[in-house]
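S.K.: Sending over my_file-v6.cif (mmCIF, C-alpha atoms and all ligand atoms).
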data_query
#
loop_
_atom_site.label_atom_id
_atom_site.label_comp_id
_atom_site.auth_asym_id
_atom_site.auth_seq_id
_atom_site.Cartn_x
_atom_site.Cartn_y
_atom_site.Cartn_z
CA MET A 30 -3.59 20.06 2.69
CA THR A 31 -4.06 20.57 6.42
CA GLN A 32 -5.22 18.43 9.30
CA GLU A 33 -8.59 20.24 9.24
CA SER A 34 -9.11 19.85 5.48
CA MET A 35 -8.39 16.14 5.86
CA GLU A 36 -10.76 15.77 8.82
CA ARG A 37 -13.52 17.47 6.84
CA VAL A 38 -13.46 15.00 3.95
CA LEU A 39 -12.79 11.75 5.80
CA HIS A 40 -15.94 9.75 6.54
CA THR A 41 -15.01 6.55 8.30
CA GLU A 42 -16.77 4.75 11.12
CA TRP A 43 -13.71 4.10 13.22
CA MET A 44 -10.62 4.01 11.01
CA ALA A 45 -8.15 6.91 11.43
CA GLU A 46 -10.00 8.30 14.43
CA LYS A 47 -7.10 10.68 14.98
CA ILE A 48 -5.23 12.46 12.20
CA PHE A 49 -1.68 13.77 12.61
CA TRP A 50 -0.35 16.20 10.01
CA ARG A 51 3.09 17.77 9.50
CA ASN A 52 4.70 19.78 6.75
CA SER A 53 7.90 17.81 6.84
CA VAL A 54 9.02 14.58 8.52
CA ASP A 55 11.84 12.11 8.03
CA SER A 56 9.35 9.34 7.29
CA THR A 57 5.70 8.95 8.31
CA LEU A 58 6.54 5.34 9.23
CA ILE A 59 9.19 6.51 11.73
CA TRP A 60 6.90 9.27 13.04
CA ALA A 61 3.97 6.85 13.56
CA LYS A 62 6.28 4.51 15.48
CA GLU A 63 7.35 7.39 17.75
CA GLU A 64 3.70 8.22 18.51
CA ALA A 65 2.52 4.62 18.95
CA ASP A 66 2.81 4.62 22.77
CA PHE A 67 0.84 7.88 22.96
CA CYS A 68 -1.89 6.38 20.72
CA LEU A 69 -1.99 3.19 22.83
CA GLY A 70 -2.32 5.35 25.95
CA GLU A 71 -5.30 7.12 24.36
CA ASN A 72 -6.86 3.71 23.57
CA LEU A 73 -6.99 4.54 19.88
CA LYS A 74 -7.63 1.69 17.48
CA SER A 75 -6.21 3.55 14.54
CA ALA A 76 -4.48 6.81 13.64
CA LEU A 77 -3.43 8.40 10.37
CA PHE A 78 -0.08 10.18 9.92
CA LEU A 79 0.24 12.50 6.93
CA ALA A 80 3.09 14.64 5.69
CA ASP A 81 3.55 17.04 2.82
CA LYS A 82 7.20 16.07 2.46
CA GLN A 83 9.56 13.33 3.70
CA THR A 84 13.29 13.79 4.07
CA ALA A 85 14.02 10.07 4.49
CA GLY A 86 11.11 8.27 2.83
CA LYS A 87 11.53 4.50 3.03
CA GLY A 88 10.78 2.13 0.17
CA ARG A 89 10.72 -1.66 -0.06
CA LEU A 90 13.92 -3.69 -0.02
CA GLY A 91 15.86 -0.85 1.64
CA ARG A 92 15.22 1.60 -1.18
CA VAL A 93 14.57 5.34 -0.79
CA TRP A 94 11.08 6.73 -1.57
CA ASN A 95 11.33 9.99 -3.50
CA SER A 96 9.14 12.41 -1.46
CA PRO A 97 9.06 16.01 -2.76
CA ALA A 98 6.86 18.66 -1.09
CA GLY A 99 3.42 19.91 -2.08
CA GLU A 100 2.50 17.32 -4.69
CA ASN A 101 1.88 13.87 -3.31
CA VAL A 102 0.62 12.09 -0.26
CA TYR A 103 2.85 10.30 2.19
CA MET A 104 0.78 8.56 4.80
CA THR A 105 1.02 5.89 7.44
CA LEU A 106 -2.06 4.20 8.80
CA LEU A 107 -1.32 2.91 12.28
CA LEU A 108 -3.46 0.01 13.53
CA LEU A 109 -3.12 -0.38 17.29
CA LYS A 110 -3.48 -3.81 18.87
CA PRO A 111 -5.02 -5.14 15.66
CA PRO A 112 -6.86 -8.45 16.14
CA VAL A 113 -4.61 -10.12 13.57
CA GLU A 114 -2.04 -12.86 14.13
CA PRO A 115 1.46 -11.47 13.45
CA VAL A 116 2.09 -14.02 10.68
CA LYS A 117 -0.95 -12.72 8.83
CA ALA A 118 -0.19 -9.03 9.17
CA SER A 119 1.80 -8.86 5.93
CA SER A 120 -1.46 -9.58 4.06
CA LEU A 121 -2.64 -6.14 5.12
CA THR A 122 -0.25 -4.71 2.56
CA LEU A 123 -2.34 -6.40 -0.13
CA VAL A 124 -5.54 -5.13 1.49
CA MET A 125 -4.12 -1.61 1.24
CA GLY A 126 -3.00 -2.09 -2.38
CA LEU A 127 -6.52 -3.15 -3.27
CA SER A 128 -8.00 -0.15 -1.43
CA VAL A 129 -5.71 2.29 -3.28
CA ALA A 130 -6.52 0.77 -6.68
CA GLN A 131 -10.25 0.90 -5.94
CA ALA A 132 -10.14 4.51 -4.71
CA VAL A 133 -8.13 5.69 -7.71
CA ARG A 134 -10.49 3.93 -10.14
CA ASP A 135 -13.68 5.14 -8.45
CA ILE A 136 -12.60 8.74 -7.89
CA THR A 137 -10.52 9.52 -10.97
CA GLY A 138 -11.72 6.96 -13.51
CA ILE A 139 -8.09 5.97 -14.20
CA SER A 140 -7.97 2.22 -14.79
CA ALA A 141 -5.44 1.51 -12.07
CA GLY A 142 -4.39 -2.06 -11.41
CA ILE A 143 -2.26 -3.98 -8.93
CA LYS A 144 1.20 -5.35 -9.57
CA TRP A 145 1.63 -8.10 -7.01
CA PRO A 146 2.08 -7.79 -4.12
CA ASN A 147 1.30 -4.13 -3.57
CA ASP A 148 2.30 -1.68 -6.25
CA VAL A 149 -0.54 0.24 -7.81
CA VAL A 150 0.04 0.88 -11.46
CA ALA A 151 -1.49 3.08 -14.16
CA ALA A 152 -0.54 2.91 -17.85
CA GLY A 153 2.24 0.45 -17.02
CA LYS A 154 3.92 2.73 -14.48
CA LYS A 155 3.89 2.86 -10.70
CA ILE A 156 1.64 5.39 -8.96
CA CYS A 157 1.77 3.99 -5.44
CA GLY A 158 4.06 1.99 -3.18
CA ILE A 159 3.23 0.43 0.17
CA LEU A 160 5.48 -0.67 3.00
CA THR A 161 4.13 -2.40 6.12
CA GLU A 162 5.95 -2.66 9.44
CA MET A 163 4.91 -4.26 12.70
CA LYS A 164 5.84 -4.38 16.37
CA ILE A 165 5.22 -7.64 18.18
CA ARG A 166 4.85 -7.93 21.96
CA GLY A 167 4.66 -11.52 23.24
CA GLU A 168 2.59 -13.43 20.71
CA LYS A 169 0.60 -10.43 19.57
CA ALA A 170 0.96 -7.50 17.23
CA GLU A 171 1.23 -4.33 19.31
CA TYR A 172 0.78 -2.29 16.17
CA VAL A 173 0.93 -2.56 12.42
CA SER A 174 1.92 0.51 10.43
CA ILE A 175 1.05 0.63 6.76
CA GLY A 176 3.01 3.29 4.88
CA VAL A 177 1.54 4.45 1.58
CA GLY A 178 3.05 6.83 -0.95
CA ILE A 179 0.79 7.92 -3.81
CA ASN A 180 2.09 10.03 -6.67
CA MET A 181 -0.69 12.52 -7.07
CA ASN A 182 0.25 15.86 -8.63
CA GLN A 183 3.96 15.29 -9.33
CA ARG A 184 4.71 15.96 -12.98
CA GLU A 185 8.46 15.51 -13.10
CA PHE A 186 10.40 12.51 -11.88
CA PRO A 187 14.13 11.95 -11.42
CA GLU A 188 15.66 10.41 -14.53
CA GLU A 189 16.00 6.92 -13.06
CA LEU A 190 12.25 6.81 -12.33
CA GLN A 191 10.96 8.32 -15.56
CA ASP A 192 10.13 5.05 -17.30
CA LYS A 193 8.83 3.39 -14.13
CA ALA A 194 6.79 6.03 -12.29
CA THR A 195 3.81 8.20 -13.12
CA SER A 196 1.22 10.21 -11.19
CA LEU A 197 -2.53 10.67 -11.16
CA ALA A 198 -2.16 14.19 -12.59
CA LEU A 199 -0.01 12.95 -15.48
CA GLU A 200 -2.50 10.22 -16.34
CA LEU A 201 -5.54 12.45 -15.89
CA GLY A 202 -4.19 15.63 -17.46
CA CYS A 203 -5.25 17.74 -14.47
CA GLU A 204 -4.52 18.01 -10.77
CA VAL A 205 -6.34 15.90 -8.20
CA VAL A 206 -7.51 16.95 -4.73
CA ARG A 207 -5.14 15.11 -2.43
CA GLU A 208 -7.58 14.99 0.50
CA GLU A 209 -10.28 13.38 -1.62
CA ILE A 210 -8.07 10.51 -2.82
CA THR A 211 -6.55 10.00 0.64
CA ALA A 212 -9.99 9.84 2.28
CA GLY A 213 -11.21 7.47 -0.45
CA VAL A 214 -8.29 5.11 0.26
CA VAL A 215 -8.83 5.08 4.03
CA GLU A 216 -12.60 4.62 3.67
CA ARG A 217 -12.15 1.65 1.35
CA PHE A 218 -9.43 0.21 3.58
CA GLU A 219 -11.84 0.29 6.53
CA LYS A 220 -14.38 -1.84 4.64
CA ASN A 221 -11.78 -4.21 3.16
CA TYR A 222 -10.03 -4.62 6.53
CA GLU A 223 -13.33 -5.58 8.17
CA LEU A 224 -13.82 -8.28 5.50
CA PHE A 225 -10.24 -9.43 6.09
CA LEU A 226 -10.84 -9.69 9.85
CA GLU A 227 -13.96 -11.86 9.44
CA LYS A 228 -11.98 -14.75 7.95
CA GLN A 229 -8.49 -13.62 8.97
CA ASP A 230 -7.37 -13.90 5.39
CA LEU A 231 -7.99 -12.54 1.89
CA GLN A 232 -10.72 -15.04 0.95
CA SER A 233 -13.50 -12.47 0.69
CA LEU A 234 -11.27 -9.99 -1.17
CA ARG A 235 -9.56 -12.44 -3.47
CA GLU A 236 -11.94 -12.16 -6.41
CA GLU A 237 -11.77 -8.36 -6.47
CA TYR A 238 -7.98 -8.41 -5.95
CA GLU A 239 -7.52 -10.83 -8.87
CA ARG A 240 -9.83 -8.74 -11.05
CA LEU A 241 -7.44 -5.82 -10.60
CA LEU A 242 -4.26 -7.94 -10.67
CA LEU A 243 -2.32 -6.89 -13.76
CA ASN A 244 0.01 -9.89 -13.57
CA LYS A 245 -2.83 -12.39 -13.82
CA ASP A 246 -2.32 -14.91 -16.64
CA ARG A 247 0.79 -13.06 -17.75
CA GLN A 248 4.39 -14.15 -17.71
CA VAL A 249 6.36 -12.96 -14.71
CA ARG A 250 10.01 -13.01 -13.80
CA ILE A 251 10.51 -13.78 -10.10
CA LEU A 252 13.71 -12.36 -8.67
CA GLU A 253 14.51 -14.04 -5.36
CA LYS A 254 17.69 -13.62 -3.34
CA GLU A 255 19.83 -16.10 -5.22
CA LYS A 256 17.73 -17.14 -8.15
CA GLU A 257 15.54 -15.97 -10.96
CA SER A 258 12.67 -17.91 -12.48
CA ILE A 259 9.94 -17.40 -15.04
CA GLY A 260 6.32 -18.54 -14.93
CA ILE A 261 2.74 -17.49 -15.46
CA ALA A 262 0.95 -15.74 -12.58
CA ARG A 263 -2.40 -17.40 -11.96
CA GLY A 264 -3.72 -15.48 -8.95
CA ILE A 265 -3.21 -15.37 -5.20
CA THR A 266 -3.80 -17.71 -2.25
CA PRO A 267 -6.00 -16.61 0.69
CA ALA A 268 -2.72 -15.77 2.47
CA GLY A 269 -1.68 -13.46 -0.35
CA GLU A 270 1.05 -15.56 -1.96
CA LEU A 271 1.34 -15.38 -5.73
CA LEU A 272 0.44 -18.59 -7.58
CA VAL A 273 2.99 -19.13 -10.33
CA GLU A 274 2.72 -21.89 -12.91
CA ASP A 275 5.95 -23.22 -14.39
CA GLU A 276 6.50 -24.61 -17.89
CA ASN A 277 5.49 -28.10 -16.75
CA GLY A 278 2.17 -26.88 -15.40
CA ALA A 279 3.22 -27.18 -11.74
CA VAL A 280 1.96 -24.32 -9.59
CA ARG A 281 3.99 -22.94 -6.69
CA GLN A 282 3.29 -20.25 -4.12
CA VAL A 283 5.62 -17.27 -3.96
CA LEU A 284 5.87 -15.34 -0.69
CA SER A 285 6.06 -11.57 -0.96
CA GLY A 286 8.92 -10.93 1.52
CA GLU A 287 12.17 -10.47 -0.37
CA VAL A 288 11.13 -10.95 -3.95
CA SER A 289 10.64 -8.67 -6.91
CA VAL A 290 8.25 -9.56 -9.68
CA ARG A 291 8.62 -8.12 -13.14
CA GLY A 292 6.96 -8.59 -16.47
CA LEU A 293 9.15 -10.32 -19.02
CA TYR A 294 9.88 -7.20 -21.03
CA SER A 295 8.55 -4.40 -18.83
CA TYR A 296 7.91 -3.30 -15.26
CA VAL A 297 4.51 -5.11 -15.04
C1 LIG B 301 7.80 0.79 -2.16
O1 LIG B 301 9.02 0.72 -2.21
O2 LIG B 301 7.10 0.53 -3.12
C2 LIG B 301 7.13 1.22 -0.86
C3 LIG B 301 7.09 2.70 -0.72
C4 LIG B 301 6.38 3.20 0.52
C5 LIG B 301 6.44 4.70 0.62
C6 LIG B 301 5.61 5.24 1.74
S1 LIG B 301 5.50 7.00 1.73
C7 LIG B 301 4.76 7.00 3.30
C8 LIG B 301 5.45 5.94 4.12
N1 LIG B 301 6.62 6.50 4.77
C9 LIG B 301 7.75 5.99 4.29
O3 LIG B 301 8.88 6.31 4.67
N2 LIG B 301 7.48 5.08 3.34
C10 LIG B 301 6.06 4.91 3.15
#
Using structure tokens, write down the structure from this file.
M.R.:
Amino acid sequence: MTQESMERVLHTEWMAEKIFWRNSVDSTLIWAKEEADFCLGENLKSALFLADKQTAGKGRLGRVWNSPAGENVYMTLLLLKPPVEPVKASSLTLVMGLSVAQAVRDITGISAGIKWPNDVVAAGKKICGILTEMKIRGEKAEYVSIGVGINMNQREFPEELQDKATSLALELGCEVVREEITAGVVERFEKNYELFLEKQDLQSLREEYERLLLNKDRQVRILEKEKESIGIARGITPAGELLVEDENGAVRQVLSGEVSVRGLYSYV
């Protein structure tokens, strides 16, 4: 993959108007943050940062994101001065999860689904993780950076990930073209983000998100900081919280921040 090969296949109207590419970075999220002032100076609305390898890939909840060279895609989509209230920006993680699941399904035929809030899963294992960061100035978001790691052509995983992670190539039985999937994700994100902006929430995307939500109507274990609870996931709110029904039929809303959701006996 090169910057040029990526530019050739990406067909967006305005999303990712500039593409940055490097062989190796610490983390595309850190790199995008370093370049944010430059992008603001150029009046860009959005830029895409791609790397072949990360030496300090960041995962959710302070974890490390395994980022070997030559096989996967590590990208950060930077949205500059997005017209989104800071409290709503975390919903963009769900918009991205939906876009990845759609692109993978449409392009590869793999029946990928979403594990709330933003893991994309195939055959019960994770193929994509998303981490969103934001810088606020005054009352407004100066930028939102959405970091996406998709396991594309990786065939071997460290032992601790073997029962939790898979890749498109493993599920498909052949290699995928990384540019094609990456472009497909960004193109779908552009459309989904525009729908999000119209109502400033997930209302217009909710039906499609819930159609691909693997947790829907299944038992989930919610691991919060101090407590653990069990319920049945019923869907999401327009703000992206998970609706969880307890044994008495009461439904509560779970915020995505510091929680992990698991199936009762497996990862989903
Ligand atoms: C998760 O833990 O599920 C989120 C993983 C996010 C990984 C991606 S890879 C590209 C971007 N840069 C990072 O350092 N992390 C994100």
S.K.: Here's a test: counting only C-alpha atoms, identify every protein, DNA and RNA residue with an atom at most 10 Å from (-5.0, -11.1, 14.2) in the file's coordinate frame, and state them as a PyMOL selection string.
M.R.: chain A and resi 110-118+169-170+225-226+229-230
S.K.: Neighbours of ligand LIG 301 (chain B) at 10 Å or closer, counting all atoms listed in the file: which residues, as a ChimeraX atom specification?
M.R.: /A:54-61,78-80,82-96,101-106,146-149,155-162,174-180
S.K.: One decimal, in Å: what's the spacing between atom CA of Leu121 of chain A and atom CA of Glu71 of chain A?
M.R.: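 Computing the Euclidean distance for atom CA of Leu121 of chain A and atom CA of Glu71 of chain A yields 23.5 Å.
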S.K.: Atom CA of Ile139 of chain A to atom CA of Lys154 of chain A: how many Å, to one decimal?
M.R.: 12.4 Å
S.K.: List the neighbours of segment 214-217 of chain A out to 7 Å using all atoms listed in the file; skip same-chain residues closer than 2 positions along the sequence, and give me the result as a PDB file with C-alpha atoms, in the frame of the given file.
M.R.:
ATOM      1  CA  HIS A  40     -15.940   9.750   6.540  1.00  0.00           C
ATOM      2  CA  THR A  41     -15.010   6.550   8.300  1.00  0.00           C
ATOM      3  CA  SER A 128      -8.000  -0.150  -1.430  1.00  0.00           C
ATOM      4  CA  VAL A 129      -5.710   2.290  -3.280  1.00  0.00           C
ATOM      5  CA  ALA A 132     -10.140   4.510  -4.710  1.00  0.00           C
ATOM      6  CA  ILE A 210      -8.070  10.510  -2.820  1.00  0.00           C
ATOM      7  CA  THR A 211      -6.550  10.000   0.640  1.00  0.00           C
ATOM      8  CA  ALA A 212      -9.990   9.840   2.280  1.00  0.00           C
ATOM      9  CA  GLU A 219     -11.840   0.290   6.530  1.00  0.00           C
ATOM     10  CA  LYS A 220     -14.380  -1.840   4.640  1.00  0.00           C
ATOM     11  CA  ASN A 221     -11.780  -4.210   3.160  1.00  0.00           C
TER      12      ASN A 221
END
S.K.: Could you tell me how far atom CA of Val283 of chain A sits from atom CA of Ile165 of chain A, in Å to one decimal place?
M.R.: 24.1 Å
S.K.: Considering all atoms listed in the file, return as a list in words whatever protein or nucleic-acid residues lie within 8 Å of Ala198 of chain A, sequence-local ones (same chain, fewer than 4 positions apart) excluded.
M.R.: Met181, Asn182, Gln183, Arg184, Gly202, Cys203, Glu204 and Val205 of chain A
S.K.: Using only C-alpha atoms, which of the listed residues (A:Glu223, A:Glu239, A:Glu46, A:Glu208) sits closest to Leu77 of chain A?
M.R.: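 Under the stated criterion, the closest residue is A:Glu46.
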S.K.: Please identify all polymer residues within 12 Å of Ala279 of chain A, counting only C-alpha atoms, omitting same-chain residues fewer than 2 positions from it, and present them as a PDB file with C-alpha atoms, keeping the file's coordinate frame.
M.R.:
ATOM      1  CA  GLY A 260       6.320 -18.540 -14.930  1.00  0.00           C
ATOM      2  CA  ILE A 261       2.740 -17.490 -15.460  1.00  0.00           C
ATOM      3  CA  ALA A 262       0.950 -15.740 -12.580  1.00  0.00           C
ATOM      4  CA  ARG A 263      -2.400 -17.400 -11.960  1.00  0.00           C
ATOM      5  CA  LEU A 272       0.440 -18.590  -7.580  1.00  0.00           C
ATOM      6  CA  VAL A 273       2.990 -19.130 -10.330  1.00  0.00           C
ATOM      7  CA  GLU A 274       2.720 -21.890 -12.910  1.00  0.00           C
ATOM      8  CA  ASP A 275       5.950 -23.220 -14.390  1.00  0.00           C
ATOM      9  CA  GLU A 276       6.500 -24.610 -17.890  1.00  0.00           C
ATOM     10  CA  ASN A 277       5.490 -28.100 -16.750  1.00  0.00           C
ATOM     11  CA  ARG A 281       3.990 -22.940  -6.690  1.00  0.00           C
ATOM     12  CA  GLN A 282       3.290 -20.250  -4.120  1.00  0.00           C
TER      13      GLN A 282
END
S.K.: Just want the 8 Å neighbourhood of Leu109 of chain A, counted on all atoms listed in the file, with same-chain residues fewer than 6 positions away dropped. Output as a PDB file with C-alpha atoms, keeping the file's coordinate frame.
M.R.:
ATOM      1  CA  ALA A  65       2.520   4.620  18.950  1.00  0.00           C
ATOM      2  CA  CYS A  68      -1.890   6.380  20.720  1.00  0.00           C
ATOM      3  CA  LEU A  69      -1.990   3.190  22.830  1.00  0.00           C
ATOM      4  CA  LEU A  73      -6.990   4.540  19.880  1.00  0.00           C
ATOM      5  CA  LYS A  74      -7.630   1.690  17.480  1.00  0.00           C
ATOM      6  CA  SER A  75      -6.210   3.550  14.540  1.00  0.00           C
ATOM      7  CA  GLU A 171       1.230  -4.330  19.310  1.00  0.00           C
ATOM      8  CA  TYR A 172       0.780  -2.290  16.170  1.00  0.00           C
ATOM      9  CA  VAL A 173       0.930  -2.560  12.420  1.00  0.00           C
TER      10      VAL A 173
END
S.K.: Which of these, A:Met30, A:Met163, A:Ile136, A:Val150, has the shortest distance to Ser120 of chain A once you count all atoms listed in the file?
M.R.: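 Under the stated criterion, the closest residue is A:Met163.
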S.K.: Quick one: residues within 10 Å of Thr31 of chain A, only C-alpha atoms, excluding same-chain residues fewer than 5 positions away - as a JSON list (two decimals) with C-alpha atoms, in the coordinates of the input?
M.R.:
[["chain", "number", "residue", "atom", "x", "y", "z"],
["A", 36, "GLU", "CA", -10.76, 15.77, 8.82],
["A", 37, "ARG", "CA", -13.52, 17.47, 6.84],
["A", 49, "PHE", "CA", -1.68, 13.77, 12.61],
["A", 50, "TRP", "CA", -0.35, 16.20, 10.01],
["A", 51, "ARG", "CA", 3.09, 17.77, 9.50],
["A", 52, "ASN", "CA", 4.70, 19.78, 6.75],
["A", 79, "LEU", "CA", 0.24, 12.50, 6.93],
["A", 80, "ALA", "CA", 3.09, 14.64, 5.69],
["A", 81, "ASP", "CA", 3.55, 17.04, 2.82],
["A", 208, "GLU", "CA", -7.58, 14.99, 0.50]]
S.K.: N, CA and C atoms are needed for segment 188-213 of chain A; please write them out as an mmCIF file, in the coordinates of the input.
M.R.:
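This is the output file part.cif:
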data_model
loop_
_atom_site.group_PDB
_atom_site.id
_atom_site.type_symbol
_atom_site.label_atom_id
_atom_site.label_comp_id
_atom_site.auth_asym_id
_atom_site.auth_seq_id
_atom_site.Cartn_x
_atom_site.Cartn_y
_atom_site.Cartn_z
ATOM 1 N N GLU A 188 15.445 11.153 -13.294
ATOM 2 C CA GLU A 188 15.660 10.410 -14.530
ATOM 3 C C GLU A 188 15.488 8.895 -14.359
ATOM 4 N N GLU A 189 16.037 8.383 -13.233
ATOM 5 C CA GLU A 189 16.000 6.920 -13.060
ATOM 6 C C GLU A 189 14.587 6.372 -12.856
ATOM 7 N N LEU A 190 13.628 7.276 -12.556
ATOM 8 C CA LEU A 190 12.250 6.810 -12.330
ATOM 9 C C LEU A 190 11.340 7.064 -13.523
ATOM 10 N N GLN A 191 11.855 7.834 -14.504
ATOM 11 C CA GLN A 191 10.960 8.320 -15.560
ATOM 12 C C GLN A 191 10.213 7.228 -16.320
ATOM 13 N N ASP A 192 10.861 6.092 -16.553
ATOM 14 C CA ASP A 192 10.130 5.050 -17.300
ATOM 15 C C ASP A 192 9.387 4.100 -16.386
ATOM 16 N N LYS A 193 9.489 4.312 -15.057
ATOM 17 C CA LYS A 193 8.830 3.390 -14.130
ATOM 18 C C LYS A 193 7.712 4.040 -13.328
ATOM 19 N N ALA A 194 7.752 5.376 -13.184
ATOM 20 C CA ALA A 194 6.790 6.030 -12.290
ATOM 21 C C ALA A 194 5.928 7.037 -13.045
ATOM 22 N N THR A 195 4.686 7.155 -12.602
ATOM 23 C CA THR A 195 3.810 8.200 -13.120
ATOM 24 C C THR A 195 2.953 8.720 -11.966
ATOM 25 N N SER A 196 2.055 9.658 -12.259
ATOM 26 C CA SER A 196 1.220 10.210 -11.190
ATOM 27 C C SER A 196 -0.217 10.312 -11.689
ATOM 28 N N LEU A 197 -1.121 10.530 -10.774
ATOM 29 C CA LEU A 197 -2.530 10.670 -11.160
ATOM 30 C C LEU A 197 -2.692 11.867 -12.081
ATOM 31 N N ALA A 198 -2.028 12.985 -11.763
ATOM 32 C CA ALA A 198 -2.160 14.190 -12.590
ATOM 33 C C ALA A 198 -1.648 13.946 -14.008
ATOM 34 N N LEU A 199 -0.544 13.217 -14.131
ATOM 35 C CA LEU A 199 -0.010 12.950 -15.480
ATOM 36 C C LEU A 199 -0.976 12.083 -16.276
ATOM 37 N N GLU A 200 -1.586 11.130 -15.633
ATOM 38 C CA GLU A 200 -2.500 10.220 -16.340
ATOM 39 C C GLU A 200 -3.836 10.884 -16.650
ATOM 40 N N LEU A 201 -4.218 11.835 -15.766
ATOM 41 C CA LEU A 201 -5.540 12.450 -15.890
ATOM 42 C C LEU A 201 -5.497 13.735 -16.722
ATOM 43 N N GLY A 202 -4.325 14.360 -16.743
ATOM 44 C CA GLY A 202 -4.190 15.630 -17.460
ATOM 45 C C GLY A 202 -4.624 16.820 -16.627
ATOM 46 N N CYS A 203 -4.954 16.611 -15.369
ATOM 47 C CA CYS A 203 -5.250 17.740 -14.470
ATOM 48 C C CYS A 203 -4.945 17.319 -13.036
ATOM 49 N N GLU A 204 -4.873 18.314 -12.163
ATOM 50 C CA GLU A 204 -4.520 18.010 -10.770
ATOM 51 C C GLU A 204 -5.657 17.309 -10.036
ATOM 52 N N VAL A 205 -5.313 16.516 -9.040
ATOM 53 C CA VAL A 205 -6.340 15.900 -8.200
ATOM 54 C C VAL A 205 -6.332 16.569 -6.830
ATOM 55 N N VAL A 206 -7.447 16.420 -6.094
ATOM 56 C CA VAL A 206 -7.510 16.950 -4.730
ATOM 57 C C VAL A 206 -6.962 15.869 -3.803
ATOM 58 N N ARG A 207 -5.830 16.161 -3.183
ATOM 59 C CA ARG A 207 -5.140 15.110 -2.430
ATOM 60 C C ARG A 207 -5.988 14.551 -1.290
ATOM 61 N N GLU A 208 -6.740 15.438 -0.627
ATOM 62 C CA GLU A 208 -7.580 14.990 0.500
ATOM 63 C C GLU A 208 -8.612 13.962 0.043
ATOM 64 N N GLU A 209 -9.182 14.233 -1.146
ATOM 65 C CA GLU A 209 -10.280 13.380 -1.620
ATOM 66 C C GLU A 209 -9.779 11.941 -1.877
ATOM 67 N N ILE A 210 -8.615 11.844 -2.522
ATOM 68 C CA ILE A 210 -8.070 10.510 -2.820
ATOM 69 C C ILE A 210 -7.663 9.820 -1.507
ATOM 70 N N THR A 211 -7.009 10.576 -0.633
ATOM 71 C CA THR A 211 -6.550 10.000 0.640
ATOM 72 C C THR A 211 -7.740 9.469 1.436
ATOM 73 N N ALA A 212 -8.800 10.272 1.537
ATOM 74 C CA ALA A 212 -9.990 9.840 2.280
ATOM 75 C C ALA A 212 -10.589 8.600 1.613
ATOM 76 N N GLY A 213 -10.643 8.608 0.287
ATOM 77 C CA GLY A 213 -11.210 7.470 -0.450
ATOM 78 C C GLY A 213 -10.440 6.180 -0.146
#
